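*Asks:* Before anything else, here's the structure in question.
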Amino acid sequence: MSLALTDLLRHPVVQAPMAGGVAVPQLAAAVSEAGGLGFLAAGYKTADGMYQEIKQLRGLTGFAFGVNVFMPQPETPDPAAVGVYAHQLAGEAPWYDTELGDPDRGRDDGYEAKLAVLLDNPVPVVSFHFGVPSRDVLDALRRAGTFTLATATTPDEARAVEEAGADAVIAQGVEAGGHQGTHRDDPETEGSGIGLLSLISQVREAVGIPVVAAGGIMHGSQIAAVLAAGASAAQLGTAFLATHESGAHTLHKQALTNPLYARTELTRAFSGRPARALVNRFLREHGPYAPAAYPDVHHLTAPLRKAAAAAGDPQGMALWAGQGHRMARELPAGQLVEVLAAELTATRTALSAGGAR
């Protein structure tokens, strides 16, 4: 890992910036205080909302942290498909005593305004999801003293991250919970995601910048595995979703280890973009018919998901989770970082002892 990022971490543990109210300042602060790198999620927030969370986080810790930004999205190729999907969802609205959302609420997630805040009030680390910024943007952040990363799900995307001038790349395997950070949502490549260990090796061959590994990592032994494969750090999302400081709904946390939710699937049902979630009623009924239309579908279903949570019905919620969800541990976030670091050390010690025989 480059010196700039190494200086920010005592342990090679990065808390994934889970949008939707999960990656709250209390969670990021606890992770950073314990020696990892905590992250805020700017996605789905206004620029001022992001700024207020940054101020709150700075009041909780003096350690480094990161902020994740969503890239603007292109126009939906088939707007009519969104209307068809809205018609299919019409029965959900009265069930939850709400209305469907407006699919035309915007496609850029306040990108330019958020960049302005991050340049005027620099933070230690900024990462990008759903694409990679221009070199001008990354150069400006670097001049402000910010370390930059962007997600990639293929070697070609990793090359684009390096060519744009990012300091490191997040290699996101298909095992990851939540949204796949593909740079372009192409339905023709559906189901062709690459597993994390294979992806790390391919990305390491494709680029010369440091690699942060993400996807299904729940245990220190898995961190040891991705480091051995060539990653410089591991990014964990689902593992931190279950922690005390996480802003996830209690029903979401409980579902991670509930035998009723035995598996995960990549689905467009909730947002219009492939995202891994626990299989529930909403996913089963609507996933096969959801169009490739992000963030239109996200805006459309947002009131339904909120109402389902308020009603205490996890069958209508987006229960984002990675493939390792059954290994979730309900601990304080700082303690989880310490446990992961201890497991990493124990794994390395056991491997060294085995090799010395």
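Chain lettering (A, B, ...) mirrors the order of the structure tokens, residue numbering begins at 1 for each chain separately, and ligand numbering begins at 1 in order of display.
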Based on DSSP run over this structure's backbone, return all residues of segment 48-169 of chain A in helix (DSSP H, G or I), as a ChimeraX atom specification.
*Replies:* /A:48-60,79-89,92-95,111-120,135-143,155-164
*Asks:* Report as a PyMOL selection string all protein, DNA and RNA residues lying within 8 Å of Glu99 of chain A, evaluated on only C-alpha atoms, omitting residues in the same chain fewer than 2 positions from it.
*Replies:* chain A and resi 93-94+97+101+303-304
*Asks:* Which residue gives the smallest distance to Ile54 of chain A among A:Val117, A:Ala81, A:Ile194, A:Ala242, with only C-alpha atoms counted?
*Replies:*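 Residue with the minimum atom-to-atom distance to Ile54 of chain A: A:Val117.
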*Asks:* Measuring between only C-alpha atoms, which one of A:Pro288, A:Thr153, A:Trp95, A:Ala228 shows the shortest distance to Asp313 of chain A?
*Replies:*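 Closest candidate: A:Trp95.
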*Asks:* Identify, on the basis of only C-alpha atoms, every residue whose closest approach to Ala29 of chain A does not exceed 9 Å; exclude the query and any residue fewer than 5 positions from it along the same chain; express the result as a list in words.
*Replies:*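 Surrounding residues, per the criterion: Val24, Ala34, Leu37, Gly38, Phe39, Leu57, Arg58, Leu60, Thr61, Gly62, Phe63, Ala64, Phe65 and Gly334 of chain A.
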*Asks:* With distances taken over only C-alpha atoms, which residue among A:Val132, A:Met218, A:Val297, A:Ala116 lies nearest Arg329 of chain A?
*Replies:*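 Nearest to Arg329 of chain A: A:Met218.
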*Asks:* Would you list, as a count of residues only, the residues of segment 139-347 of chain A that end up in strand (DSSP E) under DSSP run on this structure's backbone?
*Replies:* 29
*Asks:* May I ask which of the residues A:Glu343, A:Glu163, A:Asp104, A:Asp185 is the closest one to Phe130 of chain A, counting only C-alpha atoms?
*Replies:*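 Comparing A:Glu343, A:Glu163, A:Asp104, A:Asp185 against Phe130 of chain A, the winner is A:Asp185.
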